[in-house]
Amino acid sequence: MRVALAEDGALFREGLQMLLEAAGHEIVGSVADGDAIVRLLATEPVDVAILDIRMPPEPDGGLTAAERLRALHPDMGLLFLSHYAESHYLMRILGIGTERVGYRLKEKVGSVDVLSDTLTRIDSGEIVIEPVLAKRLVEKPQGDRKGLIAALSEREVDVLRLMAEGRSNNGIAGQLFVTPKAVEKHIASIFDKLGLQADTAAHHRRVLAVLTYLRAQREDG
């Protein structure tokens, strides 16, 4: 697919270019800051733009650039890379969009297979969240375990974690060695326990389930 890259670290940028080329992707452009990627993509359409979160022209320049890109090119995929798995980054990313977006740790995309799988899932419309972060978001809080997440069973927490990674029902079933029908039942139970009824933004309920947990965790904190 056609991709563009914005990363202010020269060595990582060059390494990522090599991985992308090895995977057979066409690199439309490679730049070092958010303003440059917005200018580049004004005339060069791509399937996915890969953005470092922390880069010029400000501390979180990749997020600012992404907000501009999503407004200008709503069908363009966005893959955010960072050294840090931070929930406040995820919240802002989900504010930018809940389709065709991904948030991965730089250290986890160091292979052709992982990078290509991530790009393919984003290009197909999925949301892809770093598994480590997704797991952290849905783990039951320590101590008195307050919050809505405490109402979920252990298996429902597993399902919610995989939902947060952007897995399809079939993908979740494969990971947990259960049937897709069983996954559907677990998801319906999660939605019910988190108060996400069928008429509540139905096509985004998977993401809303994670957001509901985040909000509950903040309130309990």
# chains A, B, ... in the order shown; residues from 1 in each chain; ligands from 1

$ select_by_dssp --residues "chain A" --states "strand (DSSP E)" --output "number ranges by chain"
A: 2-6, 26-31, 48-52, 77-82, 101-105, 127-129

$ closest_atom_pairs --of "segment 3-116 of chain A" --to "segment 156-169 of chain A" --cutoff "12 Å" --atoms "only C-alpha atoms" --output "JSON lines"
{"residue": "A:Leu90", "atom": "CA", "partner": "A:Ala164", "partner_atom": "CA", "distance": 10.8}
{"residue": "A:Leu94", "atom": "CA", "partner": "A:Ala164", "partner_atom": "CA", "distance": 11.3}
{"residue": "A:Thr98", "atom": "CA", "partner": "A:Gly166", "partner_atom": "CA", "distance": 9.9}
{"residue": "A:Glu99", "atom": "CA", "partner": "A:Gly166", "partner_atom": "CA", "distance": 9.6}
{"residue": "A:Arg100", "atom": "CA", "partner": "A:Gly166", "partner_atom": "CA", "distance": 10.2}
{"residue": "A:Val101", "atom": "CA", "partner": "A:Gly166", "partner_atom": "CA", "distance": 9.7}
{"residue": "A:Gly102", "atom": "CA", "partner": "A:Gly166", "partner_atom": "CA", "distance": 8.9}
{"residue": "A:Tyr103", "atom": "CA", "partner": "A:Glu165", "partner_atom": "CA", "distance": 9.4}
{"residue": "A:Arg104", "atom": "CA", "partner": "A:Glu165", "partner_atom": "CA", "distance": 10.1}

$ residues_around --residues "Gly15 of chain A" --least-positions-apart "5" --cutoff "9 Å" --atoms "only C-alpha atoms" --output "JSON, numbers by chain"
{"A": [10, 20, 110]}

$ write_last_selection --atoms "C-alpha atoms" --output "PDB file, in the first residue's frame"
ATOM      1  CA  ALA A  10      16.595   9.921  11.839  1.00  0.00           C
ATOM      2  CA  LEU A  20       8.283  -0.815   4.829  1.00  0.00           C
ATOM      3  CA  GLY A 110      10.335  -3.992  14.447  1.00  0.00           C
TER       4      GLY A 110
END

$ atom_distance --atom1 "atom CA of Glu130 of chain A" --atom2 "atom CA of Leu40 of chain A"
27.2 Å

$ residues_around --residues "Leu5 of chain A" --least-positions-apart "5" --cutoff "10 Å" --atoms "only C-alpha atoms" --output "PyMOL selection string"
chain A and resi 13+16-17+20+27-34+37+48-52+79

$ atom_distance --atom1 "atom CA of Gly195 of chain A" --atom2 "atom CA of Gly95 of chain A"
20.4 Å

$ residues_around --residues "Gly77 of chain A" --least-positions-apart "2" --cutoff "10 Å" --atoms "only C-alpha atoms" --output "list of chain:residue names"
A:Val3, A:Val46, A:Asp47, A:Val48, A:Ala49, A:Ile50, A:Ala66, A:Leu69, A:Arg70, A:His73, A:Pro74, A:Asp75, A:Leu79, A:Gly97, A:Glu99, A:Arg100, A:Val101, A:Gly102, A:Leu119, A:Thr120, A:Arg121, A:Ile122, A:Asp123, A:Ser124, A:Gly125, A:Glu126, A:Ile127

$ write_last_selection --atoms "N, CA, C and O atoms" --output "tab-separated table (two decimals), in the first residue's frame"
chain	number	residue	atom	x	y	z
A	3	VAL	N	2.20	4.53	1.65
A	3	VAL	CA	2.33	5.05	3.01
A	3	VAL	C	3.23	6.28	3.02
A	3	VAL	O	4.05	6.48	2.12
A	46	VAL	N	-2.33	8.82	0.23
A	46	VAL	CA	-1.77	7.57	0.74
A	46	VAL	C	-2.87	6.76	1.41
A	46	VAL	O	-3.94	7.28	1.73
A	47	ASP	N	-2.58	5.49	1.62
A	47	ASP	CA	-3.52	4.62	2.33
A	47	ASP	C	-3.40	4.82	3.85
A	47	ASP	O	-4.40	4.88	4.56
A	48	VAL	N	-2.16	4.90	4.32
A	48	VAL	CA	-1.91	5.07	5.75
A	48	VAL	C	-0.75	6.04	5.97
A	48	VAL	O	0.28	5.95	5.30
A	49	ALA	N	-0.94	6.96	6.90
A	49	ALA	CA	0.15	7.85	7.34
A	49	ALA	C	0.66	7.34	8.68
A	49	ALA	O	-0.14	7.07	9.59
A	50	ILE	N	1.98	7.21	8.80
A	50	ILE	CA	2.60	6.73	10.04
A	50	ILE	C	3.20	7.93	10.75
A	50	ILE	O	4.04	8.65	10.19
A	66	ALA	N	-2.22	14.74	13.02
A	66	ALA	CA	-3.25	13.74	12.71
A	66	ALA	C	-4.65	14.35	12.72
A	66	ALA	O	-5.50	13.99	11.90
A	69	LEU	N	-4.95	16.02	9.48
A	69	LEU	CA	-5.04	15.05	8.38
A	69	LEU	C	-6.41	14.38	8.34
A	69	LEU	O	-6.98	14.17	7.27
A	70	ARG	N	-6.95	14.04	9.51
A	70	ARG	CA	-8.25	13.37	9.52
A	70	ARG	C	-9.35	14.30	9.02
A	70	ARG	O	-10.29	13.87	8.36
A	73	HIS	N	-8.48	14.47	5.13
A	73	HIS	CA	-8.53	13.18	4.42
A	73	HIS	C	-9.18	12.13	5.32
A	73	HIS	O	-8.49	11.28	5.89
A	74	PRO	N	-10.49	12.17	5.47
A	74	PRO	CA	-11.17	11.29	6.44
A	74	PRO	C	-11.01	9.80	6.19
A	74	PRO	O	-11.17	9.00	7.12
A	75	ASP	N	-10.68	9.41	4.96
A	75	ASP	CA	-10.55	7.98	4.66
A	75	ASP	C	-9.11	7.48	4.81
A	75	ASP	O	-8.84	6.29	4.61
A	79	LEU	N	-1.50	5.60	11.66
A	79	LEU	CA	-0.80	4.74	12.61
A	79	LEU	C	0.12	5.59	13.47
A	79	LEU	O	1.03	6.25	12.96
A	97	GLY	N	-10.52	9.69	15.94
A	97	GLY	CA	-11.33	8.74	15.17
A	97	GLY	C	-11.29	7.36	15.78
A	97	GLY	O	-10.37	7.02	16.52
A	99	GLU	N	-12.00	4.62	13.67
A	99	GLU	CA	-11.84	3.73	12.52
A	99	GLU	C	-10.56	4.10	11.80
A	99	GLU	O	-10.17	5.27	11.74
A	100	ARG	N	-9.90	3.07	11.25
A	100	ARG	CA	-8.66	3.28	10.49
A	100	ARG	C	-7.59	4.00	11.31
A	100	ARG	O	-6.92	4.91	10.83
A	101	VAL	N	-7.46	3.62	12.56
A	101	VAL	CA	-6.41	4.20	13.40
A	101	VAL	C	-5.70	3.09	14.17
A	101	VAL	O	-6.27	2.03	14.45
A	102	GLY	N	-4.43	3.36	14.51
A	102	GLY	CA	-3.66	2.41	15.28
A	102	GLY	C	-2.70	3.14	16.21
A	102	GLY	O	-2.25	4.25	15.92
A	119	LEU	N	-0.69	-2.41	9.52
A	119	LEU	CA	-1.11	-1.54	8.42
A	119	LEU	C	-2.32	-2.11	7.69
A	119	LEU	O	-3.25	-1.37	7.34
A	120	THR	N	-2.34	-3.42	7.49
A	120	THR	CA	-3.45	-4.05	6.79
A	120	THR	C	-4.75	-3.91	7.58
A	120	THR	O	-5.81	-3.61	7.02
A	121	ARG	N	-4.67	-4.10	8.89
A	121	ARG	CA	-5.86	-3.98	9.73
A	121	ARG	C	-6.37	-2.54	9.74
A	121	ARG	O	-7.58	-2.31	9.70
A	122	ILE	N	-5.46	-1.58	9.81
A	122	ILE	CA	-5.88	-0.17	9.79
A	122	ILE	C	-6.52	0.17	8.45
A	122	ILE	O	-7.58	0.80	8.39
A	123	ASP	N	-5.89	-0.26	7.36
A	123	ASP	CA	-6.40	0.03	6.03
A	123	ASP	C	-7.78	-0.58	5.81
A	123	ASP	O	-8.59	-0.05	5.04
A	124	SER	N	-8.07	-1.69	6.50
A	124	SER	CA	-9.37	-2.34	6.35
A	124	SER	C	-10.44	-1.72	7.24
A	124	SER	O	-11.60	-2.16	7.23
A	125	GLY	N	-10.06	-0.71	8.02
A	125	GLY	CA	-11.04	0.00	8.82
A	125	GLY	C	-11.00	-0.26	10.31
A	125	GLY	O	-11.79	0.30	11.07
A	126	GLU	N	-10.08	-1.11	10.76
A	126	GLU	CA	-10.05	-1.47	12.17
A	126	GLU	C	-9.35	-0.40	13.02
A	126	GLU	O	-8.67	0.48	12.51
A	127	ILE	N	-9.52	-0.53	14.33
A	127	ILE	CA	-8.72	0.22	15.29
A	127	ILE	C	-7.77	-0.78	15.93
A	127	ILE	O	-8.18	-1.85	16.36

$ atom_distance --atom1 "atom CA of Leu105 of chain A" --atom2 "atom CA of His83 of chain A"
5.5 Å

$ closest_residue --among "A:Leu152, A:Leu115, A:Ala6, A:Ile96" --to "Leu41 of chain A" --atoms "only C-alpha atoms"
A:Ala6

$ select_by_dssp --residues "chain A" --states "alpha helix (DSSP H)" --output "MDAnalysis selection string"
chainID A and resid 10:22 34:41 61:72 87:96 112:123 131:138 154:164 169:176 180:193 205:220

$ residues_around --residues "His25 of chain A" --least-positions-apart "4" --cutoff "9 Å" --atoms "only C-alpha atoms" --output "list in words"
Met1, Arg2, Val3, Leu19, Leu20, Glu21 and Ser116 of chain A

$ write_last_selection --atoms "N, CA and C atoms" --output "compact mmCIF listing (two decimals), in the first residue's frame"
# COMPACT_ATOMS: atom_id res chain seq x y z
N MET A 1 0.84 -1.19 0.00
CA MET A 1 0.00 0.00 0.00
C MET A 1 0.88 1.24 0.00
N ARG A 2 0.27 2.37 -0.26
CA ARG A 2 1.00 3.65 -0.26
C ARG A 2 1.01 4.21 1.16
N VAL A 3 2.20 4.53 1.65
CA VAL A 3 2.33 5.05 3.01
C VAL A 3 3.23 6.28 3.02
N LEU A 19 12.03 -1.38 6.68
CA LEU A 19 11.01 -2.39 6.95
C LEU A 19 9.85 -2.27 5.97
N LEU A 20 9.41 -1.04 5.74
CA LEU A 20 8.28 -0.81 4.83
C LEU A 20 8.62 -1.26 3.41
N GLU A 21 9.82 -0.93 2.98
CA GLU A 21 10.25 -1.33 1.64
C GLU A 21 10.37 -2.84 1.53
N SER A 116 3.29 -5.03 8.83
CA SER A 116 2.35 -5.25 7.72
C SER A 116 0.97 -5.62 8.23
